[in-house]
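Visitor: If you scroll down you'll find the structure; I have some questions about it.
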Amino acid sequence: MTAQPALLDAAGKVALVTGATGGIGKACVEMFLAAGASVVATGRRAVQGDDPRVLKLALEVTDEAQVADAIAKAKARFGTIDYLVHMAGMVGKGRLNEMPLADWHTVVDTNLTSAFLLMKHAYPILRKPGATVVLCGSSNGANGGSYLSGAAYASSKAALVNLTRYTAKEWAAEGIRVNIISPGPVDTPMLDRLSDTQHDGLKAQLPLGKYATAEECAGGVMFLCSSHAASMTGTNMNISSGLVMDR
Ligand SMILES: NC(=O)c1ccc[n+]([C@@H]2O[C@H](COP(=O)([O-])OP(=O)(O)OC[C@H]3O[C@@H](n4cnc5c(N)ncnc54)[C@H](OP(=O)(O)O)[C@@H]3O)[C@@H](O)[C@H]2O)c1
């Protein structure tokens, strides 16, 4: 096999990225473009930028009709999807006994049900050897999280790991790989809700003493999409500054 020193050669490939208006999704879009891919960039707010290789779509990821429509628009514009990268997500908050049922459903639908919907509707055009899916978990899915993000967030992020394993097994025979990244705290707008004291407390729990960056998370996504990861499926990539130590 020819050596491939670059992380990802995505020339001629198409990536669909959700959460492209957020920190990690935006970094993924920029890295896919740098790697030569065309990109379908989705968010609820308007996606910024005017690169002609980017199809910008408004997408509420909990809405099945909108998900199906986004996949159809990606197919109409680019013919296929090679990389399905689902970074959209939201936190909850507060103690379990204080969480309204509606808030539970919103967080679970946004983080978990959305992944089911996206994979379900992308499957017909994903099913080819070399296609990859990358979902987004969290260290909260491994260590239980806390009231800062709430029970629905920790639970949905844990469930995403097993959804990754399930789909990885079901689709492996067709050459579709499915993996997940699980960041610890990442320096994105998602953490803007925390007070200085909460930031200090969180950083003190990190053996590496620093939050991850959106670019580090996107780099993990690029690796999982690349031929370097051709034998990796069902993998949960831990990007938590040591907060979670894998067993
Ligand atoms: N930042 C962290 O500390 C951290 C840690 C672990 C895991 N993560 C995970 O990393 C992923 C990306 O988060 P981030 O840090 O980049 O946060 P962010 O900057 O707040 O971005 C969140 C993104 O999710 C999108 N989104 C939320 N709800 C949506 C919905 N119902 N439909 C469509 N899009 C929706 C947002 O779109 P709009 O803004 O357009 O509404 C935005 O693009 C999430 O899955 C998050 O759980 C983050």
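Here, A, B, ... name the chains of the structure tokens in the order displayed, residue numbers run from 1 inside each chain, and ligands are numbered from 1 in the same displayed order.
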Can you pull out every residue with an atom within 8 Å of ligand 1? Use only C-alpha atoms and all ligand atoms and format it as an mmCIF file with all heavy atoms, in the first residue's frame.
Guide:
```cif
data_model
loop_
_atom_site.group_PDB
_atom_site.id
_atom_site.type_symbol
_atom_site.label_atom_id
_atom_site.label_comp_id
_atom_site.auth_asym_id
_atom_site.auth_seq_id
_atom_site.Cartn_x
_atom_site.Cartn_y
_atom_site.Cartn_z
ATOM 1 N N THR A 18 -23.553 17.833 10.430
ATOM 2 C CA THR A 18 -24.563 18.545 11.219
ATOM 3 C C THR A 18 -23.848 19.337 12.311
ATOM 4 O O THR A 18 -22.701 19.051 12.654
ATOM 5 C CB THR A 18 -25.585 17.590 11.878
ATOM 6 O OG1 THR A 18 -24.921 16.860 12.920
ATOM 7 C CG2 THR A 18 -26.202 16.635 10.859
ATOM 8 N N GLY A 19 -24.524 20.343 12.832
ATOM 9 C CA GLY A 19 -23.905 21.185 13.858
ATOM 10 C C GLY A 19 -22.845 22.098 13.276
ATOM 11 O O GLY A 19 -21.939 22.539 13.979
ATOM 12 N N ALA A 20 -22.966 22.416 11.988
ATOM 13 C CA ALA A 20 -21.933 23.207 11.304
ATOM 14 C C ALA A 20 -21.940 24.670 11.734
ATOM 15 O O ALA A 20 -21.032 25.421 11.376
ATOM 16 C CB ALA A 20 -22.104 23.101 9.793
ATOM 17 N N THR A 21 -22.960 25.088 12.484
ATOM 18 C CA THR A 21 -22.968 26.440 13.051
ATOM 19 C C THR A 21 -22.316 26.458 14.427
ATOM 20 O O THR A 21 -22.197 27.519 15.037
ATOM 21 C CB THR A 21 -24.414 26.946 13.173
ATOM 22 O OG1 THR A 21 -25.183 25.924 13.841
ATOM 23 C CG2 THR A 21 -25.030 27.213 11.814
ATOM 24 N N GLY A 22 -21.935 25.292 14.923
ATOM 25 C CA GLY A 22 -21.316 25.200 16.247
ATOM 26 C C GLY A 22 -19.814 25.017 16.152
ATOM 27 O O GLY A 22 -19.240 24.908 15.054
ATOM 28 N N GLY A 23 -19.170 24.960 17.303
ATOM 29 C CA GLY A 23 -17.715 24.942 17.337
ATOM 30 C C GLY A 23 -17.095 23.742 16.633
ATOM 31 O O GLY A 23 -16.244 23.887 15.743
ATOM 32 N N ILE A 24 -17.485 22.533 17.032
ATOM 33 C CA ILE A 24 -16.832 21.329 16.491
ATOM 34 C C ILE A 24 -17.260 21.091 15.045
ATOM 35 O O ILE A 24 -16.432 20.778 14.184
ATOM 36 C CB ILE A 24 -17.138 20.104 17.380
ATOM 37 C CG1 ILE A 24 -16.581 20.328 18.792
ATOM 38 C CG2 ILE A 24 -16.534 18.829 16.769
ATOM 39 C CD1 ILE A 24 -16.938 19.250 19.808
ATOM 40 N N GLY A 25 -18.556 21.261 14.747
ATOM 41 C CA GLY A 25 -19.029 21.044 13.382
ATOM 42 C C GLY A 25 -18.377 21.993 12.399
ATOM 43 O O GLY A 25 -17.984 21.605 11.297
ATOM 44 N N LYS A 26 -18.213 23.249 12.805
ATOM 45 C CA LYS A 26 -17.577 24.244 11.928
ATOM 46 C C LYS A 26 -16.132 23.848 11.643
ATOM 47 O O LYS A 26 -15.661 23.937 10.506
ATOM 48 C CB LYS A 26 -17.651 25.621 12.600
ATOM 49 C CG LYS A 26 -17.105 26.759 11.783
ATOM 50 C CD LYS A 26 -17.521 28.078 12.442
ATOM 51 C CE LYS A 26 -17.010 29.291 11.699
ATOM 52 N NZ LYS A 26 -15.589 29.539 11.881
ATOM 53 N N THR A 42 -24.879 21.754 7.749
ATOM 54 C CA THR A 42 -26.225 22.011 8.244
ATOM 55 C C THR A 42 -26.213 22.585 9.656
ATOM 56 O O THR A 42 -25.338 22.287 10.464
ATOM 57 C CB THR A 42 -27.093 20.726 8.248
ATOM 58 O OG1 THR A 42 -26.769 19.931 9.394
ATOM 59 C CG2 THR A 42 -26.904 19.919 6.988
ATOM 60 N N GLY A 43 -27.215 23.409 9.920
ATOM 61 C CA GLY A 43 -27.427 23.959 11.252
ATOM 62 C C GLY A 43 -28.849 24.473 11.328
ATOM 63 O O GLY A 43 -29.546 24.546 10.310
ATOM 64 N N ARG A 44 -29.281 24.821 12.518
ATOM 65 C CA ARG A 44 -30.601 25.474 12.604
ATOM 66 C C ARG A 44 -30.456 26.936 12.235
ATOM 67 O O ARG A 44 -31.254 27.485 11.496
ATOM 68 C CB ARG A 44 -31.170 25.349 14.022
ATOM 69 C CG ARG A 44 -31.698 23.975 14.327
ATOM 70 C CD ARG A 44 -32.281 23.923 15.717
ATOM 71 N NE ARG A 44 -31.302 24.329 16.723
ATOM 72 C CZ ARG A 44 -31.454 24.179 18.008
ATOM 73 N NH1 ARG A 44 -32.575 23.656 18.481
ATOM 74 N NH2 ARG A 44 -30.516 24.544 18.852
ATOM 75 N N ARG A 45 -29.403 27.576 12.748
ATOM 76 C CA ARG A 45 -29.098 28.939 12.316
ATOM 77 C C ARG A 45 -28.431 28.867 10.946
ATOM 78 O O ARG A 45 -28.028 27.784 10.499
ATOM 79 C CB ARG A 45 -28.145 29.609 13.313
ATOM 80 C CG ARG A 45 -28.784 29.892 14.661
ATOM 81 C CD ARG A 45 -27.735 30.409 15.635
ATOM 82 N NE ARG A 45 -26.762 29.390 15.967
ATOM 83 C CZ ARG A 45 -25.458 29.618 16.142
ATOM 84 N NH1 ARG A 45 -24.960 30.822 15.990
ATOM 85 N NH2 ARG A 45 -24.637 28.633 16.467
ATOM 86 N N ALA A 46 -28.305 30.011 10.292
ATOM 87 C CA ALA A 46 -27.693 30.025 8.958
ATOM 88 C C ALA A 46 -26.208 29.698 9.063
ATOM 89 O O ALA A 46 -25.496 30.250 9.902
ATOM 90 C CB ALA A 46 -27.882 31.401 8.336
ATOM 91 N N VAL A 47 -25.754 28.784 8.196
ATOM 92 C CA VAL A 47 -24.331 28.457 8.124
ATOM 93 C C VAL A 47 -23.612 29.611 7.428
ATOM 94 O O VAL A 47 -24.075 30.116 6.409
ATOM 95 C CB VAL A 47 -24.125 27.134 7.343
ATOM 96 C CG1 VAL A 47 -22.640 26.813 7.209
ATOM 97 C CG2 VAL A 47 -24.877 25.984 8.015
ATOM 98 N N ALA A 58 -30.537 24.529 6.187
ATOM 99 C CA ALA A 58 -31.153 24.614 7.507
ATOM 100 C C ALA A 58 -31.723 23.239 7.833
ATOM 101 O O ALA A 58 -32.424 22.636 7.015
ATOM 102 C CB ALA A 58 -32.274 25.651 7.497
ATOM 103 N N LEU A 59 -31.372 22.709 8.992
ATOM 104 C CA LEU A 59 -31.837 21.362 9.354
ATOM 105 C C LEU A 59 -32.065 21.263 10.851
ATOM 106 O O LEU A 59 -31.141 21.449 11.645
ATOM 107 C CB LEU A 59 -30.801 20.311 8.912
ATOM 108 C CG LEU A 59 -31.066 18.877 9.388
ATOM 109 C CD1 LEU A 59 -32.388 18.356 8.857
ATOM 110 C CD2 LEU A 59 -29.921 17.954 8.974
ATOM 111 N N GLU A 60 -33.299 20.958 11.208
ATOM 112 C CA GLU A 60 -33.653 20.605 12.582
ATOM 113 C C GLU A 60 -33.512 19.066 12.651
ATOM 114 O O GLU A 60 -34.287 18.341 12.020
ATOM 115 C CB GLU A 60 -35.093 21.063 12.867
ATOM 116 C CG GLU A 60 -35.755 20.454 14.080
ATOM 117 C CD GLU A 60 -34.987 20.692 15.364
ATOM 118 O OE1 GLU A 60 -34.846 21.841 15.772
ATOM 119 O OE2 GLU A 60 -34.519 19.700 15.963
ATOM 120 N N VAL A 61 -32.506 18.603 13.388
ATOM 121 C CA VAL A 61 -32.147 17.179 13.299
ATOM 122 C C VAL A 61 -33.149 16.237 13.973
ATOM 123 O O VAL A 61 -33.046 15.024 13.824
ATOM 124 C CB VAL A 61 -30.728 16.903 13.856
ATOM 125 C CG1 VAL A 61 -29.666 17.550 12.999
ATOM 126 C CG2 VAL A 61 -30.611 17.301 15.319
ATOM 127 N N THR A 62 -34.108 16.785 14.704
ATOM 128 C CA THR A 62 -35.118 15.932 15.331
ATOM 129 C C THR A 62 -36.316 15.697 14.418
ATOM 130 O O THR A 62 -37.223 14.936 14.770
ATOM 131 C CB THR A 62 -35.627 16.563 16.647
ATOM 132 O OG1 THR A 62 -36.263 17.811 16.336
ATOM 133 C CG2 THR A 62 -34.491 16.801 17.622
ATOM 134 N N HIS A 86 -22.127 13.640 12.378
ATOM 135 C CA HIS A 86 -23.243 14.203 13.145
ATOM 136 C C HIS A 86 -22.726 14.817 14.441
ATOM 137 O O HIS A 86 -22.528 14.119 15.443
ATOM 138 C CB HIS A 86 -24.239 13.076 13.439
ATOM 139 C CG HIS A 86 -25.438 13.508 14.223
ATOM 140 N ND1 HIS A 86 -25.975 14.784 14.164
ATOM 141 C CD2 HIS A 86 -26.231 12.824 15.106
ATOM 142 C CE1 HIS A 86 -27.015 14.861 14.962
ATOM 143 N NE2 HIS A 86 -27.187 13.699 15.552
ATOM 144 N N MET A 87 -22.498 16.146 14.401
ATOM 145 C CA MET A 87 -21.952 16.848 15.562
ATOM 146 C C MET A 87 -23.004 17.668 16.297
ATOM 147 O O MET A 87 -22.736 18.207 17.366
ATOM 148 C CB MET A 87 -20.791 17.767 15.122
ATOM 149 C CG MET A 87 -19.595 17.017 14.579
ATOM 150 S SD MET A 87 -18.785 15.979 15.814
ATOM 151 C CE MET A 87 -18.870 14.369 15.028
ATOM 152 N N ALA A 88 -24.205 17.829 15.730
ATOM 153 C CA ALA A 88 -25.248 18.603 16.420
ATOM 154 C C ALA A 88 -25.585 17.936 17.746
ATOM 155 O O ALA A 88 -25.662 16.707 17.838
ATOM 156 C CB ALA A 88 -26.494 18.705 15.546
ATOM 157 N N GLY A 89 -25.769 18.733 18.747
ATOM 158 C CA GLY A 89 -26.143 18.192 20.053
ATOM 159 C C GLY A 89 -26.441 19.314 21.010
ATOM 160 O O GLY A 89 -26.145 20.486 20.722
ATOM 161 N N MET A 90 -27.038 18.973 22.145
ATOM 162 C CA MET A 90 -27.352 19.989 23.155
ATOM 163 C C MET A 90 -27.240 19.393 24.547
ATOM 164 O O MET A 90 -27.408 18.184 24.736
ATOM 165 C CB MET A 90 -28.773 20.538 22.947
ATOM 166 C CG MET A 90 -29.863 19.521 23.232
ATOM 167 S SD MET A 90 -31.532 20.218 23.129
ATOM 168 C CE MET A 90 -31.562 21.290 24.570
ATOM 169 N N VAL A 91 -26.953 20.254 25.498
ATOM 170 C CA VAL A 91 -26.933 19.831 26.897
ATOM 171 C C VAL A 91 -28.284 20.121 27.549
ATOM 172 O O VAL A 91 -29.042 20.969 27.078
ATOM 173 C CB VAL A 91 -25.834 20.562 27.705
ATOM 174 C CG1 VAL A 91 -24.455 20.109 27.299
ATOM 175 C CG2 VAL A 91 -25.979 22.073 27.567
ATOM 176 N N THR A 106 -36.532 16.541 24.718
ATOM 177 C CA THR A 106 -35.817 17.432 23.788
ATOM 178 C C THR A 106 -34.341 17.040 23.683
ATOM 179 O O THR A 106 -33.777 16.964 22.589
ATOM 180 C CB THR A 106 -35.943 18.900 24.247
ATOM 181 O OG1 THR A 106 -37.332 19.240 24.267
ATOM 182 C CG2 THR A 106 -35.216 19.843 23.310
ATOM 183 N N ASP A 109 -34.029 13.487 22.037
ATOM 184 C CA ASP A 109 -34.335 13.576 20.592
ATOM 185 C C ASP A 109 -33.192 14.262 19.836
ATOM 186 O O ASP A 109 -32.806 13.833 18.747
ATOM 187 C CB ASP A 109 -35.632 14.367 20.359
ATOM 188 C CG ASP A 109 -36.869 13.556 20.699
ATOM 189 O OD1 ASP A 109 -36.728 12.347 20.967
ATOM 190 O OD2 ASP A 109 -37.971 14.137 20.698
ATOM 191 N N THR A 110 -32.679 15.334 20.417
ATOM 192 C CA THR A 110 -31.629 16.105 19.728
ATOM 193 C C THR A 110 -30.333 15.312 19.610
ATOM 194 O O THR A 110 -29.668 15.343 18.572
ATOM 195 C CB THR A 110 -31.364 17.428 20.489
ATOM 196 O OG1 THR A 110 -32.585 18.159 20.552
ATOM 197 C CG2 THR A 110 -30.300 18.256 19.798
ATOM 198 N N ASN A 111 -29.964 14.602 20.659
ATOM 199 C CA ASN A 111 -28.666 13.917 20.654
ATOM 200 C C ASN A 111 -28.745 12.501 20.079
ATOM 201 O O ASN A 111 -27.852 12.098 19.333
ATOM 202 C CB ASN A 111 -28.112 13.828 22.079
ATOM 203 C CG ASN A 111 -27.784 15.197 22.644
ATOM 204 O OD1 ASN A 111 -27.673 16.176 21.901
ATOM 205 N ND2 ASN A 111 -27.659 15.280 23.951
ATOM 206 N N LEU A 135 -20.270 9.795 14.838
ATOM 207 C CA LEU A 135 -21.232 10.413 15.747
ATOM 208 C C LEU A 135 -20.466 11.145 16.848
ATOM 209 O O LEU A 135 -19.239 11.068 16.922
ATOM 210 C CB LEU A 135 -22.151 9.338 16.346
ATOM 211 C CG LEU A 135 -22.934 8.495 15.339
ATOM 212 C CD1 LEU A 135 -23.813 7.472 16.061
ATOM 213 C CD2 LEU A 135 -23.797 9.375 14.424
ATOM 214 N N CYS A 136 -21.201 11.852 17.706
ATOM 215 C CA CYS A 136 -20.541 12.621 18.766
ATOM 216 C C CYS A 136 -21.110 12.271 20.135
ATOM 217 O O CYS A 136 -22.269 12.562 20.439
ATOM 218 C CB CYS A 136 -20.678 14.118 18.519
ATOM 219 S SG CYS A 136 -19.583 15.075 19.584
ATOM 220 N N GLY A 137 -20.291 11.635 20.933
ATOM 221 C CA GLY A 137 -20.650 11.323 22.319
ATOM 222 C C GLY A 137 -20.097 12.395 23.240
ATOM 223 O O GLY A 137 -19.987 13.567 22.881
ATOM 224 N N SER A 138 -19.731 11.976 24.449
ATOM 225 C CA SER A 138 -19.191 12.898 25.449
ATOM 226 C C SER A 138 -18.578 12.074 26.565
ATOM 227 O O SER A 138 -19.001 10.933 26.815
ATOM 228 C CB SER A 138 -20.317 13.767 26.013
ATOM 229 O OG SER A 138 -19.914 14.397 27.208
ATOM 230 N N SER A 139 -17.635 12.674 27.273
ATOM 231 C CA SER A 139 -17.124 12.011 28.483
ATOM 232 C C SER A 139 -18.266 11.747 29.470
ATOM 233 O O SER A 139 -18.217 10.794 30.246
ATOM 234 C CB SER A 139 -16.047 12.878 29.141
ATOM 235 O OG SER A 139 -16.545 14.175 29.381
ATOM 236 N N ASN A 140 -19.327 12.591 29.418
ATOM 237 C CA ASN A 140 -20.482 12.363 30.307
ATOM 238 C C ASN A 140 -21.129 11.007 30.061
ATOM 239 O O ASN A 140 -21.748 10.446 30.953
ATOM 240 C CB ASN A 140 -21.540 13.449 30.090
ATOM 241 C CG ASN A 140 -21.141 14.788 30.658
ATOM 242 O OD1 ASN A 140 -19.953 15.089 30.761
ATOM 243 N ND2 ASN A 140 -22.095 15.608 31.014
ATOM 244 N N TYR A 153 -28.603 14.277 29.083
ATOM 245 C CA TYR A 153 -27.381 14.423 28.274
ATOM 246 C C TYR A 153 -26.473 13.217 28.498
ATOM 247 O O TYR A 153 -26.041 12.572 27.534
ATOM 248 C CB TYR A 153 -26.656 15.710 28.666
ATOM 249 C CG TYR A 153 -25.455 16.022 27.795
ATOM 250 C CD1 TYR A 153 -25.616 16.470 26.489
ATOM 251 C CD2 TYR A 153 -24.156 15.864 28.276
ATOM 252 C CE1 TYR A 153 -24.515 16.755 25.683
ATOM 253 C CE2 TYR A 153 -23.051 16.154 27.482
ATOM 254 C CZ TYR A 153 -23.241 16.600 26.183
ATOM 255 O OH TYR A 153 -22.146 16.879 25.392
ATOM 256 N N LYS A 157 -25.780 10.409 25.539
ATOM 257 C CA LYS A 157 -24.426 10.257 25.017
ATOM 258 C C LYS A 157 -23.917 8.827 25.242
ATOM 259 O O LYS A 157 -23.178 8.292 24.407
ATOM 260 C CB LYS A 157 -23.482 11.281 25.653
ATOM 261 C CG LYS A 157 -23.794 12.724 25.240
ATOM 262 C CD LYS A 157 -23.641 12.934 23.725
ATOM 263 C CE LYS A 157 -23.744 14.390 23.316
ATOM 264 N NZ LYS A 157 -23.581 14.603 21.869
ATOM 265 N N SER A 182 -15.749 10.913 21.663
ATOM 266 C CA SER A 182 -16.304 11.298 22.962
ATOM 267 C C SER A 182 -15.400 12.337 23.614
ATOM 268 O O SER A 182 -14.458 12.000 24.350
ATOM 269 C CB SER A 182 -16.464 10.061 23.864
ATOM 270 O OG SER A 182 -17.572 9.303 23.465
ATOM 271 N N PRO A 183 -15.683 13.618 23.333
ATOM 272 C CA PRO A 183 -14.863 14.673 23.950
ATOM 273 C C PRO A 183 -15.195 14.870 25.423
ATOM 274 O O PRO A 183 -16.335 14.640 25.857
ATOM 275 C CB PRO A 183 -15.258 15.930 23.152
ATOM 276 C CG PRO A 183 -16.041 15.442 21.968
ATOM 277 C CD PRO A 183 -16.658 14.146 22.387
ATOM 278 N N GLY A 184 -14.198 15.337 26.177
ATOM 279 C CA GLY A 184 -14.449 15.950 27.476
ATOM 280 C C GLY A 184 -14.811 17.404 27.192
ATOM 281 O O GLY A 184 -15.286 17.726 26.096
ATOM 282 N N PRO A 185 -14.589 18.299 28.143
ATOM 283 C CA PRO A 185 -14.910 19.702 27.883
ATOM 284 C C PRO A 185 -14.124 20.239 26.681
ATOM 285 O O PRO A 185 -12.930 20.004 26.573
ATOM 286 C CB PRO A 185 -14.475 20.417 29.165
ATOM 287 C CG PRO A 185 -14.386 19.352 30.198
ATOM 288 C CD PRO A 185 -14.062 18.075 29.493
ATOM 289 N N VAL A 186 -14.845 20.917 25.784
ATOM 290 C CA VAL A 186 -14.237 21.482 24.580
ATOM 291 C C VAL A 186 -14.525 22.977 24.567
ATOM 292 O O VAL A 186 -15.651 23.407 24.875
ATOM 293 C CB VAL A 186 -14.819 20.841 23.291
ATOM 294 C CG1 VAL A 186 -14.023 21.326 22.072
ATOM 295 C CG2 VAL A 186 -14.802 19.324 23.379
ATOM 296 N N ASP A 187 -13.535 23.744 24.186
ATOM 297 C CA ASP A 187 -13.661 25.202 24.192
ATOM 298 C C ASP A 187 -14.531 25.663 23.027
ATOM 299 O O ASP A 187 -14.032 26.091 21.986
ATOM 300 C CB ASP A 187 -12.251 25.804 24.096
ATOM 301 C CG ASP A 187 -12.271 27.287 24.377
ATOM 302 O OD1 ASP A 187 -13.325 27.795 24.802
ATOM 303 O OD2 ASP A 187 -11.236 27.932 24.166
ATOM 304 N N THR A 188 -15.846 25.553 23.196
ATOM 305 C CA THR A 188 -16.816 25.986 22.180
ATOM 306 C C THR A 188 -17.932 26.755 22.881
ATOM 307 O O THR A 188 -18.008 26.769 24.116
ATOM 308 C CB THR A 188 -17.462 24.783 21.448
ATOM 309 O OG1 THR A 188 -18.368 24.152 22.365
ATOM 310 C CG2 THR A 188 -16.434 23.789 20.935
ATOM 311 N N PRO A 189 -18.855 27.353 22.097
ATOM 312 C CA PRO A 189 -19.970 28.089 22.727
ATOM 313 C C PRO A 189 -20.802 27.238 23.691
ATOM 314 O O PRO A 189 -21.495 27.791 24.564
ATOM 315 C CB PRO A 189 -20.798 28.539 21.523
ATOM 316 C CG PRO A 189 -19.791 28.678 20.416
ATOM 317 C CD PRO A 189 -18.801 27.566 20.633
ATOM 318 N N MET A 190 -20.730 25.908 23.568
ATOM 319 C CA MET A 190 -21.513 25.057 24.475
ATOM 320 C C MET A 190 -21.128 25.275 25.935
ATOM 321 O O MET A 190 -21.937 25.076 26.843
ATOM 322 C CB MET A 190 -21.340 23.585 24.092
ATOM 323 C CG MET A 190 -22.240 22.645 24.851
ATOM 324 S SD MET A 190 -22.263 20.979 24.177
ATOM 325 C CE MET A 190 -23.568 21.112 22.968
ATOM 326 N N LEU A 191 -19.895 25.707 26.179
ATOM 327 C CA LEU A 191 -19.444 25.894 27.561
ATOM 328 C C LEU A 191 -19.669 27.308 28.072
ATOM 329 O O LEU A 191 -19.362 27.607 29.223
ATOM 330 C CB LEU A 191 -17.959 25.532 27.690
ATOM 331 C CG LEU A 191 -17.596 24.054 27.512
ATOM 332 C CD1 LEU A 191 -16.146 23.822 27.933
ATOM 333 C CD2 LEU A 191 -18.512 23.141 28.315
ATOM 334 N N TYR A 211 -8.890 22.316 28.408
ATOM 335 C CA TYR A 211 -9.993 21.868 27.562
ATOM 336 C C TYR A 211 -9.449 21.441 26.204
ATOM 337 O O TYR A 211 -8.431 21.965 25.739
ATOM 338 C CB TYR A 211 -10.986 23.013 27.333
ATOM 339 C CG TYR A 211 -11.792 23.425 28.544
ATOM 340 C CD1 TYR A 211 -12.462 24.646 28.545
ATOM 341 C CD2 TYR A 211 -11.914 22.608 29.662
ATOM 342 C CE1 TYR A 211 -13.226 25.056 29.635
ATOM 343 C CE2 TYR A 211 -12.670 23.008 30.753
ATOM 344 C CZ TYR A 211 -13.315 24.233 30.739
ATOM 345 O OH TYR A 211 -14.053 24.616 31.818
ATOM 346 N N ALA A 214 -11.912 22.633 19.455
ATOM 347 C CA ALA A 214 -12.786 22.121 18.385
ATOM 348 C C ALA A 214 -11.943 21.473 17.288
ATOM 349 O O ALA A 214 -12.331 20.461 16.706
ATOM 350 C CB ALA A 214 -13.618 23.265 17.818
#
```
Visitor: Residues of stretch 97-165 of chain A that have any atom at most 8 Å from an atom of stretch 222-242 of chain A: could you tabulate them with the shortest-distance atom pair and the distance in Å to one decimal, using only C-alpha atoms, ordered by chain and increasing number, as JSON lines?
Guide:
```
{"residue": "A:Gly130", "atom": "CA", "partner": "A:Ala230", "partner_atom": "CA", "distance": 7.9}
{"residue": "A:Thr132", "atom": "CA", "partner": "A:Cys225", "partner_atom": "CA", "distance": 5.9}
{"residue": "A:Val133", "atom": "CA", "partner": "A:Cys225", "partner_atom": "CA", "distance": 7.7}
{"residue": "A:Val134", "atom": "CA", "partner": "A:Leu224", "partner_atom": "CA", "distance": 7.3}
{"residue": "A:Ser139", "atom": "CA", "partner": "A:Ser240", "partner_atom": "CA", "distance": 6.4}
{"residue": "A:Val161", "atom": "CA", "partner": "A:Asn236", "partner_atom": "CA", "distance": 6.8}
{"residue": "A:Thr164", "atom": "CA", "partner": "A:Gly234", "partner_atom": "CA", "distance": 5.7}
{"residue": "A:Arg165", "atom": "CA", "partner": "A:Gly234", "partner_atom": "CA", "distance": 4.5}
```
Visitor: Check stretch 49-146 of chain A with DSSP on the backbone and list each residue it calls strand (DSSP E), as a ChimeraX atom specification.
Guide: /A:54-58,83-86,132-136
Visitor: Taking only stretch 72-149 of chain A into account, list the residues labelled helix (DSSP H, G or I) by DSSP (computed from the backbone), as a PyMOL selection string.
Guide: chain A and resi 72-78+96-98+101-126+140-143
Visitor: Could you tell me which of A:Leu118, A:Pro52, A:Met31, A:Thr167 comes closest to A:Gln66 if we count only C-alpha atoms?
Guide: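 For A:Gln66, the nearest of the candidates is A:Leu118.
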